[in-house]
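Heads up: the structure comes next, in structure tokens.
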Amino acid sequence: MGLRLYAVGAGEWDTSQLRSLMAATVSGGAQITAYEMDLERPRRPVRQLIVQARRLTYLDLDQTRLLVAVSDVT
């Protein structure tokens, strides 16, 4: 069982725009090719990230899987 991206860290990944993009990717309506975001964490420097995501299609239709890549371009 996978972990939701929004559950990583202390909530800094839980943004409305990232949730919206991930929901569109899960539904098959979009593919994130280069979403840029600033990761802000308490007492740490801001990191500039590029997030990519695509839906993986398998014969197991009961579960949806996403391949997510995050690049730190700070």
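Going through the structure tokens in order, the chains are called A, B, and so on, while each chain numbers its residues from 1 and the ligands are numbered from 1 in the order shown.
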Quick one: everything within 12 Å of region 20-23 of chain A, counting only C-alpha atoms, minus sequence neighbours fewer than 5 positions away in the same chain. Send it as an mmCIF file with C-alpha atoms, in the first residue's frame.
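Generated file (part-v4.cif):
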data_model
loop_
_atom_site.group_PDB
_atom_site.id
_atom_site.type_symbol
_atom_site.label_atom_id
_atom_site.label_comp_id
_atom_site.auth_asym_id
_atom_site.auth_seq_id
_atom_site.Cartn_x
_atom_site.Cartn_y
_atom_site.Cartn_z
ATOM 1 C CA ARG A 4 -0.298 9.715 -0.218
ATOM 2 C CA LEU A 5 2.053 12.478 -1.279
ATOM 3 C CA TYR A 6 0.189 14.885 1.006
ATOM 4 C CA TRP A 13 3.215 18.893 0.477
ATOM 5 C CA ASP A 14 -0.481 19.389 1.166
ATOM 6 C CA THR A 15 -1.287 22.238 -1.239
ATOM 7 C CA GLY A 28 -6.606 10.101 -16.421
ATOM 8 C CA GLY A 29 -7.539 13.646 -17.367
ATOM 9 C CA ALA A 30 -4.015 15.051 -17.138
ATOM 10 C CA GLN A 31 -0.367 14.231 -16.813
ATOM 11 C CA ILE A 32 1.942 16.456 -14.781
ATOM 12 C CA THR A 33 4.985 17.107 -16.925
ATOM 13 C CA ALA A 34 6.629 19.904 -14.941
ATOM 14 C CA TYR A 35 4.818 21.400 -11.947
ATOM 15 C CA GLU A 36 7.103 23.847 -10.173
ATOM 16 C CA VAL A 51 7.163 17.474 -9.797
ATOM 17 C CA GLN A 52 6.263 15.078 -12.595
ATOM 18 C CA ALA A 53 3.486 12.476 -12.385
ATOM 19 C CA ARG A 54 1.792 10.013 -14.676
ATOM 20 C CA ARG A 55 -0.796 7.337 -14.235
ATOM 21 C CA THR A 64 -4.724 3.258 -9.410
ATOM 22 C CA ARG A 65 -0.994 3.786 -9.367
ATOM 23 C CA LEU A 66 0.970 6.936 -10.099
ATOM 24 C CA LEU A 67 4.622 7.287 -10.918
ATOM 25 C CA VAL A 68 5.850 10.504 -9.303
#
Every residue of chain A that DSSP places in alpha helix (DSSP H), as number ranges by chain: A: 16-27
Separation of CA of Leu39 (chain A) from CA of Val73 (chain A), in Å and rounded to one decimal: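 We find that CA of Leu39 (chain A) and CA of Val73 (chain A) lie 11.2 Å from each other.
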Close residues, Arg47 (chain A) itself excluded, 9 Å, only C-alpha atoms, min 3 positions apart in chain, as a list of chain:residue names: A:Met37, A:Asp38, A:Leu39, A:Glu40, A:Arg41, A:Arg44, A:Asp72, A:Val73, A:Thr74
Å distance separating CA of Ala7 (chain A) from CA of Pro42 (chain A), one decimal place: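 For CA of Ala7 (chain A) relative to CA of Pro42 (chain A), the distance reads 16.3 Å.
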Strand (DSSP E or B) per DSSP on the backbone: members of chain A, as a list of chain:residue names: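 Of chain A, the ones in strand (DSSP E or B) are A:Ile32, A:Thr33, A:Ala34, A:Tyr35, A:Glu36, A:Met37, A:Asp38, A:Leu39, A:Arg47, A:Gln48, A:Leu49, A:Ile50, A:Val51, A:Gln52, A:Ala53, A:Arg54, A:Arg55, A:Leu56, A:Arg65, A:Leu66, A:Leu67, A:Val68, A:Ala69, A:Val70, A:Ser71, A:Asp72.
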File dump, residues just selected, N, CA, C and O atoms, as a compact mmCIF listing (two decimals), in the first residue's frame:
# COMPACT_ATOMS: atom_id res chain seq x y z
N ILE A 32 1.10 15.36 -15.25
CA ILE A 32 1.94 16.46 -14.78
C ILE A 32 3.32 16.28 -15.41
O ILE A 32 4.03 15.33 -15.12
N THR A 33 3.68 17.22 -16.28
CA THR A 33 4.99 17.11 -16.92
C THR A 33 6.05 17.95 -16.23
O THR A 33 7.21 17.59 -16.25
N ALA A 34 5.65 19.07 -15.63
CA ALA A 34 6.63 19.90 -14.94
C ALA A 34 5.91 20.92 -14.06
O ALA A 34 5.78 22.08 -14.43
N TYR A 35 5.45 20.49 -12.90
CA TYR A 35 4.82 21.40 -11.95
C TYR A 35 5.91 21.92 -11.02
O TYR A 35 6.60 21.16 -10.36
N GLU A 36 6.08 23.23 -11.02
CA GLU A 36 7.10 23.85 -10.17
C GLU A 36 6.48 24.29 -8.86
O GLU A 36 5.40 24.87 -8.84
N MET A 37 7.16 23.99 -7.77
CA MET A 37 6.66 24.39 -6.45
C MET A 37 7.82 24.72 -5.52
O MET A 37 8.93 24.21 -5.71
N ASP A 38 7.54 25.59 -4.57
CA ASP A 38 8.50 25.89 -3.51
C ASP A 38 8.11 25.08 -2.29
O ASP A 38 6.98 25.18 -1.82
N LEU A 39 9.03 24.29 -1.80
CA LEU A 39 8.78 23.49 -0.61
C LEU A 39 9.29 24.28 0.59
O LEU A 39 10.49 24.49 0.74
N ARG A 47 13.13 25.03 -0.77
CA ARG A 47 13.64 24.23 -1.88
C ARG A 47 12.73 24.42 -3.08
O ARG A 47 11.51 24.42 -2.94
N GLN A 48 13.31 24.62 -4.25
CA GLN A 48 12.54 24.75 -5.48
C GLN A 48 12.52 23.38 -6.14
O GLN A 48 13.56 22.80 -6.46
N LEU A 49 11.30 22.86 -6.34
CA LEU A 49 11.12 21.51 -6.85
C LEU A 49 10.35 21.50 -8.16
O LEU A 49 9.53 22.37 -8.42
N ILE A 50 10.61 20.49 -8.96
CA ILE A 50 9.81 20.20 -10.14
C ILE A 50 9.22 18.81 -9.93
O ILE A 50 9.94 17.85 -9.67
N VAL A 51 7.88 18.73 -10.01
CA VAL A 51 7.16 17.47 -9.80
C VAL A 51 6.62 16.99 -11.14
O VAL A 51 6.05 17.77 -11.91
N GLN A 52 6.82 15.72 -11.41
CA GLN A 52 6.26 15.08 -12.60
C GLN A 52 5.45 13.87 -12.13
O GLN A 52 5.86 13.19 -11.19
N ALA A 53 4.31 13.63 -12.77
CA ALA A 53 3.49 12.48 -12.39
C ALA A 53 2.74 11.95 -13.60
O ALA A 53 2.31 12.71 -14.46
N ARG A 54 2.59 10.65 -13.63
CA ARG A 54 1.79 10.01 -14.68
C ARG A 54 1.12 8.78 -14.12
O ARG A 54 1.63 8.14 -13.20
N ARG A 55 -0.01 8.49 -14.66
CA ARG A 55 -0.80 7.34 -14.23
C ARG A 55 -0.23 6.09 -14.89
O ARG A 55 0.09 6.09 -16.08
N LEU A 56 -0.08 5.02 -14.11
CA LEU A 56 0.38 3.74 -14.64
C LEU A 56 -0.83 2.85 -14.86
O LEU A 56 -1.70 2.75 -14.00
N ARG A 65 -2.37 3.53 -9.77
CA ARG A 65 -0.99 3.79 -9.37
C ARG A 65 -0.46 4.98 -10.15
O ARG A 65 -0.75 5.13 -11.33
N LEU A 66 0.32 5.80 -9.46
CA LEU A 66 0.97 6.94 -10.10
C LEU A 66 2.48 6.79 -9.96
O LEU A 66 2.97 6.33 -8.93
N LEU A 67 3.17 7.18 -10.98
CA LEU A 67 4.62 7.29 -10.92
C LEU A 67 4.92 8.77 -10.73
O LEU A 67 4.51 9.60 -11.55
N VAL A 68 5.58 9.11 -9.63
CA VAL A 68 5.85 10.50 -9.30
C VAL A 68 7.37 10.68 -9.19
O VAL A 68 8.03 9.91 -8.51
N ALA A 69 7.88 11.72 -9.86
CA ALA A 69 9.29 12.07 -9.76
C ALA A 69 9.41 13.50 -9.27
O ALA A 69 8.66 14.37 -9.72
N VAL A 70 10.32 13.72 -8.34
CA VAL A 70 10.53 15.06 -7.80
C VAL A 70 12.01 15.40 -7.98
O VAL A 70 12.88 14.64 -7.55
N SER A 71 12.27 16.53 -8.61
CA SER A 71 13.64 17.00 -8.81
C SER A 71 13.84 18.30 -8.04
O SER A 71 13.02 19.21 -8.14
N ASP A 72 14.91 18.36 -7.29
CA ASP A 72 15.27 19.58 -6.56
C ASP A 72 16.15 20.42 -7.48
O ASP A 72 17.25 20.02 -7.84
